[in-house]
$ cat final.tsv   # TSV, N, CA and C atoms
chain	number	residue	atom	x	y	z
X	1310	MET	N	45.54	147.66	57.53
X	1310	MET	CA	46.39	147.76	58.70
X	1310	MET	C	46.35	149.20	59.21
X	1311	THR	N	46.17	149.36	60.50
X	1311	THR	CA	46.14	150.67	61.13
X	1311	THR	C	47.11	150.66	62.31
X	1312	PHE	N	47.86	151.73	62.42
X	1312	PHE	CA	48.71	151.88	63.59
X	1312	PHE	C	48.92	153.35	63.86
X	1313	ASN	N	49.28	153.65	65.09
X	1313	ASN	CA	49.50	155.02	65.50
X	1313	ASN	C	51.00	155.21	65.72
X	1314	LEU	N	51.57	156.17	65.03
X	1314	LEU	CA	52.99	156.46	65.16
X	1314	LEU	C	53.12	157.86	65.74
X	1315	ASP	N	53.60	157.93	66.96
X	1315	ASP	CA	53.79	159.23	67.62
X	1315	ASP	C	55.14	159.78	67.16
X	1316	LEU	N	55.09	160.65	66.17
X	1316	LEU	CA	56.32	161.14	65.54
X	1316	LEU	C	56.39	162.65	65.66
X	1317	ARG	N	57.52	163.13	66.16
X	1317	ARG	CA	57.77	164.56	66.23
X	1317	ARG	C	58.85	164.93	65.22
X	1318	LYS	N	58.84	166.17	64.81
X	1318	LYS	CA	59.77	166.63	63.78
X	1318	LYS	C	61.22	166.51	64.17
X	1319	THR	N	61.50	166.42	65.45
X	1319	THR	CA	62.90	166.34	65.90
X	1319	THR	C	63.33	164.92	66.23
X	1320	ASP	N	62.51	163.94	65.91
X	1320	ASP	CA	62.85	162.55	66.20
X	1320	ASP	C	63.89	162.01	65.23
X	1321	GLY	N	64.57	160.99	65.67
X	1321	GLY	CA	65.46	160.23	64.81
X	1321	GLY	C	64.86	158.85	64.61
X	1322	ILE	N	64.68	158.46	63.36
X	1322	ILE	CA	64.06	157.17	63.04
X	1322	ILE	C	65.05	156.34	62.24
X	1323	LEU	N	65.14	155.09	62.56
X	1323	LEU	CA	65.97	154.16	61.81
X	1323	LEU	C	65.06	153.03	61.34
X	1324	ILE	N	64.93	152.88	60.03
X	1324	ILE	CA	64.11	151.80	59.45
X	1324	ILE	C	65.07	150.75	58.90
X	1325	ILE	N	64.95	149.55	59.44
X	1325	ILE	CA	65.82	148.44	59.06
X	1325	ILE	C	64.95	147.30	58.55
X	1326	GLY	N	65.37	146.69	57.45
X	1326	GLY	CA	64.64	145.54	56.94
X	1326	GLY	C	65.38	144.93	55.77
X	1327	LYS	N	64.97	143.74	55.41
X	1327	LYS	CA	65.58	143.05	54.27
X	1327	LYS	C	65.18	143.74	52.97
X	1328	ARG	N	65.91	143.45	51.92
X	1328	ARG	CA	65.54	143.96	50.59
X	1328	ARG	C	64.13	143.50	50.26
X	1329	GLY	N	63.32	144.43	49.77
X	1329	GLY	CA	61.97	144.09	49.36
X	1329	GLY	C	60.97	143.98	50.50
X	1330	SER	N	61.35	144.39	51.71
X	1330	SER	CA	60.46	144.24	52.86
X	1330	SER	C	59.52	145.42	53.07
X	1331	GLY	N	59.66	146.48	52.27
X	1331	GLY	CA	58.74	147.62	52.38
X	1331	GLY	C	59.31	148.83	53.09
X	1332	LYS	N	60.62	148.91	53.21
X	1332	LYS	CA	61.24	150.06	53.89
X	1332	LYS	C	60.93	151.37	53.15
X	1333	THR	N	61.09	151.36	51.85
X	1333	THR	CA	60.81	152.57	51.07
X	1333	THR	C	59.34	152.92	51.15
X	1334	TYR	N	58.47	151.93	51.07
X	1334	TYR	CA	57.03	152.16	51.15
X	1334	TYR	C	56.67	152.78	52.51
X	1335	LEU	N	57.23	152.24	53.60
X	1335	LEU	CA	56.95	152.78	54.93
X	1335	LEU	C	57.44	154.21	55.06
X	1336	SER	N	58.66	154.48	54.60
X	1336	SER	CA	59.18	155.84	54.72
X	1336	SER	C	58.37	156.82	53.85
X	1337	ALA	N	57.95	156.40	52.66
X	1337	ALA	CA	57.10	157.26	51.82
X	1337	ALA	C	55.75	157.48	52.50
X	1338	TRP	N	55.21	156.46	53.15
X	1338	TRP	CA	53.95	156.60	53.88
X	1338	TRP	C	54.09	157.64	54.99
X	1339	ILE	N	55.19	157.57	55.72
X	1339	ILE	CA	55.44	158.54	56.79
X	1339	ILE	C	55.49	159.95	56.20
X	1340	MET	N	56.20	160.10	55.07
X	1340	MET	CA	56.31	161.43	54.46
X	1340	MET	C	54.97	161.93	53.93
X	1341	GLN	N	54.09	161.03	53.54
X	1341	GLN	CA	52.76	161.44	53.07
X	1341	GLN	C	51.85	161.83	54.22
X	1342	ASN	N	52.07	161.26	55.39
X	1342	ASN	CA	51.12	161.42	56.50
X	1342	ASN	C	51.58	162.33	57.63
X	1343	TYR	N	52.82	162.77	57.59
X	1343	TYR	CA	53.32	163.71	58.59
X	1343	TYR	C	53.79	164.97	57.88
X	1344	PRO	N	53.18	166.09	58.19
X	1344	PRO	CA	53.40	167.33	57.41
X	1344	PRO	C	54.68	168.09	57.76
X	1345	PHE	N	55.80	167.38	57.76
X	1345	PHE	CA	57.08	168.04	57.99
X	1345	PHE	C	57.63	168.50	56.64
X	1346	ARG	N	58.65	169.34	56.69
X	1346	ARG	CA	59.38	169.70	55.46
X	1346	ARG	C	60.54	168.72	55.33
X	1347	TYR	N	60.56	168.00	54.22
X	1347	TYR	CA	61.52	166.92	54.04
X	1347	TYR	C	62.59	167.27	53.01
X	1348	VAL	N	63.81	166.81	53.30
X	1348	VAL	CA	64.90	166.77	52.32
X	1348	VAL	C	65.27	165.29	52.20
X	1349	VAL	N	65.26	164.78	50.97
X	1349	VAL	CA	65.49	163.36	50.73
X	1349	VAL	C	66.81	163.17	49.98
X	1350	LEU	N	67.69	162.33	50.53
X	1350	LEU	CA	68.92	161.92	49.86
X	1350	LEU	C	68.71	160.47	49.43
X	1351	ASP	N	68.70	160.25	48.12
X	1351	ASP	CA	68.32	158.95	47.56
X	1351	ASP	C	69.37	158.50	46.54
X	1352	PRO	N	70.34	157.69	46.95
X	1352	PRO	CA	71.41	157.31	46.02
X	1352	PRO	C	70.99	156.36	44.91
X	1353	THR	N	69.86	155.67	45.07
X	1353	THR	CA	69.47	154.65	44.07
X	1353	THR	C	68.24	155.01	43.26
X	1354	GLY	N	67.62	156.15	43.52
X	1354	GLY	CA	66.42	156.53	42.79
X	1354	GLY	C	65.18	155.79	43.24
X	1355	SER	N	65.20	155.23	44.44
X	1355	SER	CA	64.06	154.44	44.95
X	1355	SER	C	62.78	155.26	45.10
X	1356	TYR	N	62.93	156.55	45.35
X	1356	TYR	CA	61.75	157.39	45.60
X	1356	TYR	C	61.23	158.07	44.35
X	1357	ARG	N	61.90	157.88	43.24
X	1357	ARG	CA	61.43	158.45	41.98
X	1357	ARG	C	60.04	157.89	41.71
X	1358	GLY	N	59.10	158.76	41.44
X	1358	GLY	CA	57.74	158.30	41.16
X	1358	GLY	C	56.81	158.34	42.36
X	1359	TYR	N	57.35	158.40	43.58
X	1359	TYR	CA	56.49	158.54	44.75
X	1359	TYR	C	56.06	160.00	44.86
X	1360	SER	N	54.82	160.20	45.24
X	1360	SER	CA	54.39	161.58	45.49
X	1360	SER	C	54.22	161.74	47.00
X	1361	PHE	N	55.02	162.60	47.57
X	1361	PHE	CA	54.94	162.89	48.99
X	1361	PHE	C	55.44	164.31	49.20
X	1362	ARG	N	55.16	164.82	50.38
X	1362	ARG	CA	55.61	166.17	50.71
X	1362	ARG	C	57.12	166.19	50.81
X	1363	ARG	N	57.74	167.08	50.08
X	1363	ARG	CA	59.18	167.25	50.22
X	1363	ARG	C	59.56	168.62	49.72
X	1364	GLU	N	60.55	169.17	50.30
X	1364	GLU	CA	61.05	170.46	49.88
X	1364	GLU	C	62.16	170.27	48.86
X	1365	ALA	N	62.94	169.19	49.02
X	1365	ALA	CA	64.06	168.94	48.11
X	1365	ALA	C	64.30	167.45	48.01
X	1366	TYR	N	64.61	167.01	46.80
X	1366	TYR	CA	64.90	165.61	46.52
X	1366	TYR	C	66.22	165.55	45.77
X	1367	PHE	N	67.17	164.80	46.29
X	1367	PHE	CA	68.48	164.68	45.66
X	1367	PHE	C	68.76	163.22	45.36
X	1368	GLU	N	68.85	162.89	44.10
X	1368	GLU	CA	69.32	161.56	43.71
X	1368	GLU	C	70.84	161.74	43.61
X	1369	ILE	N	71.54	161.36	44.67
X	1369	ILE	CA	72.93	161.78	44.83
X	1369	ILE	C	73.81	160.62	45.29
X	1370	ASP	N	75.02	160.61	44.81
X	1370	ASP	CA	76.01	159.61	45.22
X	1370	ASP	C	76.39	159.87	46.67
X	1371	PRO	N	76.45	158.84	47.50
X	1371	PRO	CA	76.80	159.02	48.92
X	1371	PRO	C	78.16	159.68	49.15
X	1372	LEU	N	79.07	159.60	48.18
X	1372	LEU	CA	80.39	160.20	48.35
X	1372	LEU	C	80.49	161.60	47.75
X	1373	ASP	N	79.40	162.10	47.19
X	1373	ASP	CA	79.39	163.44	46.60
X	1373	ASP	C	79.63	164.47	47.70
X	1374	PRO	N	80.61	165.35	47.52
X	1374	PRO	CA	80.92	166.33	48.57
X	1374	PRO	C	79.77	167.30	48.88
X	1375	ARG	N	78.77	167.40	48.00
X	1375	ARG	CA	77.63	168.28	48.26
X	1375	ARG	C	76.75	167.78	49.40
X	1376	VAL	N	76.86	166.50	49.74
X	1376	VAL	CA	76.05	165.93	50.82
X	1376	VAL	C	76.22	166.75	52.10
X	1377	GLU	N	77.45	167.11	52.41
X	1377	GLU	CA	77.74	167.88	53.63
X	1377	GLU	C	76.94	169.19	53.66
X	1378	ASN	N	76.98	169.94	52.58
X	1378	ASN	CA	76.28	171.23	52.53
X	1378	ASN	C	74.76	171.07	52.52
X	1379	ILE	N	74.28	170.04	51.84
X	1379	ILE	CA	72.83	169.79	51.80
X	1379	ILE	C	72.31	169.52	53.20
X	1380	VAL	N	72.99	168.64	53.93
X	1380	VAL	CA	72.55	168.29	55.29
X	1380	VAL	C	72.66	169.49	56.22
X	1381	ARG	N	73.75	170.25	56.12
X	1381	ARG	CA	73.90	171.46	56.96
X	1381	ARG	C	72.77	172.46	56.71
X	1382	ALA	N	72.49	172.72	55.45
X	1382	ALA	CA	71.42	173.68	55.11
X	1382	ALA	C	70.06	173.17	55.59
X	1383	ALA	N	69.81	171.89	55.41
X	1383	ALA	CA	68.54	171.31	55.86
X	1383	ALA	C	68.38	171.47	57.37
X	1384	MET	N	69.45	171.22	58.10
X	1384	MET	CA	69.42	171.35	59.55
X	1384	MET	C	69.17	172.79	59.97
X	1385	ARG	N	69.88	173.72	59.34
X	1385	ARG	CA	69.74	175.15	59.69
X	1385	ARG	C	68.31	175.63	59.51
X	1386	HIS	N	67.59	175.03	58.57
X	1386	HIS	CA	66.22	175.46	58.28
X	1386	HIS	C	65.16	174.56	58.89
X	1387	GLY	N	65.57	173.62	59.74
X	1387	GLY	CA	64.62	172.79	60.46
X	1387	GLY	C	63.92	171.73	59.63
X	1388	TYR	N	64.57	171.22	58.61
X	1388	TYR	CA	63.98	170.18	57.77
X	1388	TYR	C	64.17	168.81	58.42
X	1389	PHE	N	63.33	167.88	58.02
X	1389	PHE	CA	63.44	166.48	58.41
X	1389	PHE	C	64.22	165.80	57.29
X	1390	VAL	N	65.38	165.24	57.60
X	1390	VAL	CA	66.29	164.70	56.58
X	1390	VAL	C	66.08	163.19	56.45
X	1391	VAL	N	65.77	162.75	55.23
X	1391	VAL	CA	65.56	161.33	54.94
X	1391	VAL	C	66.75	160.84	54.12
X	1392	VAL	N	67.41	159.79	54.62
X	1392	VAL	CA	68.59	159.24	53.95
X	1392	VAL	C	68.33	157.77	53.62
X	1393	ASP	N	68.10	157.49	52.34
X	1393	ASP	CA	67.90	156.11	51.93
X	1393	ASP	C	69.27	155.45	51.73
X	1394	GLU	N	69.34	154.14	51.93
X	1394	GLU	CA	70.61	153.42	51.86
X	1394	GLU	C	71.64	154.11	52.76
X	1395	ALA	N	71.23	154.39	53.98
X	1395	ALA	CA	72.05	155.16	54.92
X	1395	ALA	C	73.40	154.51	55.19
X	1396	ASP	N	73.48	153.21	55.05
X	1396	ASP	CA	74.75	152.52	55.28
X	1396	ASP	C	75.82	152.92	54.26
X	1397	GLU	N	75.41	153.48	53.11
X	1397	GLU	CA	76.36	153.89	52.08
X	1397	GLU	C	76.94	155.29	52.32
X	1398	PHE	N	76.35	156.05	53.24
X	1398	PHE	CA	76.83	157.40	53.54
X	1398	PHE	C	77.85	157.29	54.67
X	1399	PRO	N	79.11	157.60	54.41
X	1399	PRO	CA	80.15	157.42	55.44
X	1399	PRO	C	79.98	158.42	56.59
X	1400	TYR	N	79.47	157.89	57.70
X	1400	TYR	CA	79.18	158.70	58.88
X	1400	TYR	C	80.41	159.48	59.33
X	1401	ALA	N	81.57	158.85	59.31
X	1401	ALA	CA	82.80	159.50	59.78
X	1401	ALA	C	83.21	160.65	58.87
X	1402	LYS	N	82.86	160.59	57.60
X	1402	LYS	CA	83.29	161.62	56.65
X	1402	LYS	C	82.47	162.91	56.79
X	1403	TYR	N	81.19	162.77	57.10
X	1403	TYR	CA	80.31	163.93	57.10
X	1403	TYR	C	80.00	164.41	58.51
X	1404	SER	N	80.63	165.51	58.90
X	1404	SER	CA	80.36	166.06	60.23
X	1404	SER	C	78.92	166.54	60.34
X	1405	ALA	N	78.32	166.95	59.22
X	1405	ALA	CA	76.92	167.42	59.25
X	1405	ALA	C	75.98	166.28	59.63
X	1406	ILE	N	76.24	165.08	59.14
X	1406	ILE	CA	75.39	163.93	59.49
X	1406	ILE	C	75.56	163.61	60.97
X	1407	ARG	N	76.79	163.65	61.47
X	1407	ARG	CA	77.01	163.43	62.91
X	1407	ARG	C	76.27	164.48	63.73
X	1408	THR	N	76.37	165.74	63.33
X	1408	THR	CA	75.70	166.82	64.05
X	1408	THR	C	74.18	166.65	64.00
X	1409	LEU	N	73.65	166.26	62.85
X	1409	LEU	CA	72.22	166.02	62.71
X	1409	LEU	C	71.76	164.97	63.71
X	1410	VAL	N	72.50	163.87	63.81
X	1410	VAL	CA	72.13	162.77	64.71
X	1410	VAL	C	72.24	163.21	66.17
X	1411	LEU	N	73.32	163.88	66.51
X	1411	LEU	CA	73.58	164.20	67.92
X	1411	LEU	C	72.90	165.47	68.40
X	1412	ARG	N	72.72	166.48	67.51
X	1412	ARG	CA	72.20	167.78	67.95
X	1412	ARG	C	71.15	168.39	67.04
X	1413	GLY	N	70.68	167.65	66.07
X	1413	GLY	CA	69.70	168.19	65.12
X	1413	GLY	C	68.45	168.73	65.79
X	1414	ARG	N	68.03	168.08	66.87
X	1414	ARG	CA	66.82	168.54	67.57
X	1414	ARG	C	66.96	169.97	68.07
X	1415	ASN	N	68.20	170.41	68.35
X	1415	ASN	CA	68.42	171.79	68.79
X	1415	ASN	C	68.04	172.80	67.71
X	1416	TRP	N	68.09	172.38	66.44
X	1416	TRP	CA	67.71	173.25	65.32
X	1416	TRP	C	66.32	172.91	64.81
X	1417	GLY	N	65.65	172.00	65.48
X	1417	GLY	CA	64.31	171.62	65.03
X	1417	GLY	C	64.32	170.62	63.89
X	1418	SER	N	65.42	169.87	63.75
X	1418	SER	CA	65.54	168.89	62.67
X	1418	SER	C	65.54	167.47	63.22
X	1419	GLY	N	64.92	166.58	62.45
X	1419	GLY	CA	64.97	165.16	62.74
X	1419	GLY	C	65.50	164.43	61.53
X	1420	TYR	N	65.55	163.13	61.61
X	1420	TYR	CA	66.06	162.34	60.49
X	1420	TYR	C	65.39	160.99	60.44
X	1421	MET	N	65.42	160.42	59.25
X	1421	MET	CA	64.97	159.05	59.03
X	1421	MET	C	66.03	158.39	58.15
X	1422	PHE	N	66.71	157.41	58.69
X	1422	PHE	CA	67.71	156.66	57.95
X	1422	PHE	C	67.12	155.30	57.62
X	1423	ILE	N	67.28	154.88	56.37
X	1423	ILE	CA	66.72	153.62	55.90
X	1423	ILE	C	67.88	152.74	55.43
X	1424	THR	N	67.90	151.48	55.88
X	1424	THR	CA	69.00	150.59	55.52
X	1424	THR	C	68.58	149.13	55.60
X	1425	HIS	N	69.27	148.30	54.88
X	1425	HIS	CA	69.11	146.85	55.03
X	1425	HIS	C	70.39	146.24	55.63
X	1426	THR	N	71.34	147.10	55.99
X	1426	THR	CA	72.61	146.64	56.56
X	1426	THR	C	72.90	147.41	57.85
X	1427	PRO	N	72.22	147.07	58.94
X	1427	PRO	CA	72.41	147.84	60.18
X	1427	PRO	C	73.82	147.74	60.75
X	1428	ALA	N	74.56	146.70	60.43
X	1428	ALA	CA	75.91	146.56	60.96
X	1428	ALA	C	76.82	147.69	60.49
X	1429	LEU	N	76.47	148.34	59.36
X	1429	LEU	CA	77.30	149.42	58.84
X	1429	LEU	C	76.85	150.80	59.32
X	1430	ILE	N	75.84	150.85	60.16
X	1430	ILE	CA	75.34	152.11	60.70
X	1430	ILE	C	76.09	152.41	62.00
X	1431	SER	N	76.45	153.65	62.19
X	1431	SER	CA	77.19	154.08	63.38
X	1431	SER	C	76.41	153.76	64.66
X	1432	THR	N	77.12	153.44	65.71
X	1432	THR	CA	76.48	153.19	66.99
X	1432	THR	C	75.80	154.45	67.52
X	1433	SER	N	76.29	155.64	67.16
X	1433	SER	CA	75.63	156.89	67.57
X	1433	SER	C	74.25	156.99	66.95
X	1434	VAL	N	74.13	156.59	65.70
X	1434	VAL	CA	72.82	156.61	65.04
X	1434	VAL	C	71.89	155.61	65.73
X	1435	MET	N	72.41	154.41	65.98
X	1435	MET	CA	71.58	153.37	66.63
X	1435	MET	C	71.11	153.84	68.01
X	1436	ALA	N	71.99	154.48	68.77
X	1436	ALA	CA	71.65	154.90	70.13
X	1436	ALA	C	70.67	156.07	70.17
X	1437	ASN	N	70.66	156.90	69.12
X	1437	ASN	CA	69.83	158.11	69.13
X	1437	ASN	C	68.59	158.00	68.27
X	1438	SER	N	68.25	156.82	67.80
X	1438	SER	CA	67.10	156.61	66.91
X	1438	SER	C	66.05	155.75	67.59
X	1439	THR	N	64.82	155.93	67.11
X	1439	THR	CA	63.73	155.07	67.60
X	1439	THR	C	63.34	154.09	66.53
$ encode --input "final.tsv" --output "C-alpha cells"
Amino acid sequence: MTFNLDLRKTDGILIIGKRGSGKTYLSAWIMQNYPFRYVVLDPTGSYRGYSFRREAYFEIDPLDPRVENIVRAAMRHGYFVVVDEADEFPYAKYSAIRTLVLRGRNWGSGYMFITHTPALISTSVMANST
C-alpha cells in the first residue's frame, strides 16, 4: 500500500479507529517517516518496542500532574506531541493541551491524538484536526 500524506510539523492529526484497527501502527509509521522531533505520551505502553524518531517517551498516567509541564515544554521547543488514548487525557484539566490544540502552530508545534472513543474528544480538537 502506498499513499502520500502531506504533513507539516504544525498540523493537528486525529487518528480514530476501533481497537485493533492499526491506529498505533499508523502513528508509529508516521513517526518513522516524518523527521519531526516527537514527544510521546503513552498511558498503556502501546509504543514500547517500536523504534521511531522521538525526543522523549513517557509511559504516563493521563491524570499525572506532570502531563501539563511535559506538554508546555514540548510546545515551547517546537516538538510534535503524540498522545495515545487521547480520550483518557482530560482536555478541560490541562490548559497546555488546550493551548497546543488552539495555538501550538504559533510555537511550531503540532499534535497527533489517537483514540478509539471520539465521543470523548473535545470539539475543539475535532475542529482543529485533520
$ closest_residue --input "final.tsv" --among "X:Thr1426, X:Ser1355, X:Asn1378, X:Ser1433" --to "Leu1411 (chain X)" --atoms "only N, CA and C atoms"
X:Ser1433
$ residues_around --input "final.tsv" --residues "region 1395-1409 of chain X" --least-positions-apart "5" --cutoff "6.5 Å" --atoms "only N, CA and C atoms" --output "list in words"
Pro1371, Leu1372, Glu1377, Val1380, Arg1381, Arg1414, Phe1422, Ile1423, Thr1424, His1425, Thr1426, Leu1429 and Ile1430 of chain X
$ closest_residue --input "final.tsv" --among "X:Ala1428, X:Val1348, X:Thr1353, X:Arg1328" --to "Tyr1366 (chain X)" --atoms "all atoms listed in the file"
X:Val1348
$ axis_aligned_box --input "final.tsv" --around "region 1344-1363 of chain X" --padding-each-side "4 Å" --output "JSON"
{"center_x": 62.3, "center_y": 162.1, "center_z": 49.7, "size_x": 26.2, "size_y": 23.3, "size_z": 25.0}
$ select_by_dssp --input "final.tsv" --residues "region 1403-1438 of chain X" --states "helix (DSSP H, G or I)" --output "NGL selection string"
:X and (1404-1416 or 1427-1429 or 1432-1436)
$ select_by_dssp --input "final.tsv" --residues "chain X" --states "strand (DSSP E or B)" --output "PyMOL selection string"
chain X and resi 1321-1325+1347-1350+1365-1367+1389-1392+1420-1424
$ atom_distance --input "final.tsv" --atom1 "CA of Glu1368 (chain X)" --atom2 "CA of Ala1382 (chain X)"
16.8 Å
$ atom_distance --input "final.tsv" --atom1 "atom C of Leu1323 (chain X)" --atom2 "atom N of Thr1439 (chain X)"
6.5 Å
$ closest_residue --input "final.tsv" --among "X:Gly1326, X:Asp1320, X:Phe1367, X:Val1390" --to "Asp1351 (chain X)" --atoms "all atoms listed in the file"
X:Phe1367
$ atom_distance --input "final.tsv" --atom1 "CA of Ser1431 (chain X)" --atom2 "CA of Val1391 (chain X)"
16.1 Å
$ residues_around --input "final.tsv" --residues "Phe1389 (chain X)" --least-positions-apart "6" --cutoff "6 Å" --atoms "all atoms listed in the file" --output "PyMOL selection string"
chain X and resi 1345-1348+1418-1421
$ decode --input "final.tsv" --residues "region 1389-1411 of chain X" --atoms "N, CA, C and O atoms" --output "mmCIF file, in the first residue's frame"
data_model
loop_
_atom_site.group_PDB
_atom_site.id
_atom_site.type_symbol
_atom_site.label_atom_id
_atom_site.label_comp_id
_atom_site.auth_asym_id
_atom_site.auth_seq_id
_atom_site.Cartn_x
_atom_site.Cartn_y
_atom_site.Cartn_z
ATOM 1 N N PHE X 1389 6.537 17.892 18.150
ATOM 2 C CA PHE X 1389 5.267 17.334 17.700
ATOM 3 C C PHE X 1389 4.820 16.387 18.807
ATOM 4 O O PHE X 1389 5.518 15.438 19.143
ATOM 5 N N VAL X 1390 3.664 16.648 19.409
ATOM 6 C CA VAL X 1390 3.206 15.910 20.588
ATOM 7 C C VAL X 1390 2.235 14.807 20.166
ATOM 8 O O VAL X 1390 1.228 15.079 19.519
ATOM 9 N N VAL X 1391 2.568 13.574 20.535
ATOM 10 C CA VAL X 1391 1.734 12.412 20.222
ATOM 11 C C VAL X 1391 1.082 11.940 21.518
ATOM 12 O O VAL X 1391 1.767 11.672 22.500
ATOM 13 N N VAL X 1392 -0.253 11.863 21.510
ATOM 14 C CA VAL X 1392 -1.000 11.452 22.702
ATOM 15 C C VAL X 1392 -1.829 10.219 22.358
ATOM 16 O O VAL X 1392 -2.814 10.314 21.620
ATOM 17 N N ASP X 1393 -1.399 9.064 22.857
ATOM 18 C CA ASP X 1393 -2.158 7.842 22.635
ATOM 19 C C ASP X 1393 -3.274 7.765 23.674
ATOM 20 O O ASP X 1393 -3.137 8.282 24.779
ATOM 21 N N GLU X 1394 -4.373 7.110 23.318
ATOM 22 C CA GLU X 1394 -5.554 7.049 24.185
ATOM 23 C C GLU X 1394 -5.942 8.465 24.622
ATOM 24 O O GLU X 1394 -6.176 8.742 25.797
ATOM 25 N N ALA X 1395 -6.013 9.360 23.654
ATOM 26 C CA ALA X 1395 -6.253 10.781 23.926
ATOM 27 C C ALA X 1395 -7.550 11.029 24.684
ATOM 28 O O ALA X 1395 -7.658 12.010 25.425
ATOM 29 N N ASP X 1396 -8.511 10.141 24.535
ATOM 30 C CA ASP X 1396 -9.779 10.311 25.242
ATOM 31 C C ASP X 1396 -9.613 10.209 26.755
ATOM 32 O O ASP X 1396 -10.454 10.683 27.507
ATOM 33 N N GLU X 1397 -8.513 9.610 27.229
ATOM 34 C CA GLU X 1397 -8.276 9.469 28.663
ATOM 35 C C GLU X 1397 -7.636 10.716 29.291
ATOM 36 O O GLU X 1397 -7.580 10.832 30.508
ATOM 37 N N PHE X 1398 -7.130 11.626 28.462
ATOM 38 C CA PHE X 1398 -6.496 12.843 28.968
ATOM 39 C C PHE X 1398 -7.567 13.924 29.080
ATOM 40 O O PHE X 1398 -8.113 14.358 28.070
ATOM 41 N N PRO X 1399 -7.889 14.363 30.291
ATOM 42 C CA PRO X 1399 -8.984 15.337 30.464
ATOM 43 C C PRO X 1399 -8.621 16.705 29.881
ATOM 44 O O PRO X 1399 -7.839 17.452 30.441
ATOM 45 N N TYR X 1400 -9.209 16.981 28.727
ATOM 46 C CA TYR X 1400 -8.941 18.218 27.991
ATOM 47 C C TYR X 1400 -9.179 19.445 28.867
ATOM 48 O O TYR X 1400 -8.402 20.391 28.855
ATOM 49 N N ALA X 1401 -10.243 19.435 29.638
ATOM 50 C CA ALA X 1401 -10.586 20.591 30.474
ATOM 51 C C ALA X 1401 -9.568 20.815 31.586
ATOM 52 O O ALA X 1401 -9.351 21.944 32.014
ATOM 53 N N LYS X 1402 -8.909 19.761 32.040
ATOM 54 C CA LYS X 1402 -7.966 19.887 33.153
ATOM 55 C C LYS X 1402 -6.641 20.507 32.718
ATOM 56 O O LYS X 1402 -6.015 21.232 33.475
ATOM 57 N N TYR X 1403 -6.207 20.200 31.509
ATOM 58 C CA TYR X 1403 -4.876 20.610 31.078
ATOM 59 C C TYR X 1403 -4.934 21.804 30.127
ATOM 60 O O TYR X 1403 -5.240 21.662 28.954
ATOM 61 N N SER X 1404 -4.595 22.976 30.639
ATOM 62 C CA SER X 1404 -4.596 24.160 29.777
ATOM 63 C C SER X 1404 -3.525 24.041 28.696
ATOM 64 O O SER X 1404 -3.683 24.580 27.611
ATOM 65 N N ALA X 1405 -2.445 23.305 28.965
ATOM 66 C CA ALA X 1405 -1.387 23.142 27.961
ATOM 67 C C ALA X 1405 -1.906 22.370 26.746
ATOM 68 O O ALA X 1405 -1.546 22.686 25.611
ATOM 69 N N ILE X 1406 -2.735 21.363 26.965
ATOM 70 C CA ILE X 1406 -3.295 20.605 25.841
ATOM 71 C C ILE X 1406 -4.234 21.500 25.041
ATOM 72 O O ILE X 1406 -4.211 21.500 23.808
ATOM 73 N N ARG X 1407 -5.048 22.303 25.720
ATOM 74 C CA ARG X 1407 -5.926 23.249 25.010
ATOM 75 C C ARG X 1407 -5.088 24.226 24.185
ATOM 76 O O ARG X 1407 -5.405 24.501 23.030
ATOM 77 N N THR X 1408 -4.030 24.764 24.782
ATOM 78 C CA THR X 1408 -3.167 25.714 24.076
ATOM 79 C C THR X 1408 -2.487 25.052 22.881
ATOM 80 O O THR X 1408 -2.385 25.646 21.812
ATOM 81 N N LEU X 1409 -2.031 23.816 23.053
ATOM 82 C CA LEU X 1409 -1.408 23.080 21.954
ATOM 83 C C LEU X 1409 -2.370 22.966 20.783
ATOM 84 O O LEU X 1409 -2.002 23.221 19.632
ATOM 85 N N VAL X 1410 -3.612 22.605 21.056
ATOM 86 C CA VAL X 1410 -4.614 22.427 20.002
ATOM 87 C C VAL X 1410 -4.947 23.758 19.334
ATOM 88 O O VAL X 1410 -4.989 23.853 18.112
ATOM 89 N N LEU X 1411 -5.149 24.789 20.127
ATOM 90 C CA LEU X 1411 -5.618 26.064 19.582
ATOM 91 C C LEU X 1411 -4.510 26.969 19.057
ATOM 92 O O LEU X 1411 -4.727 27.743 18.124
#
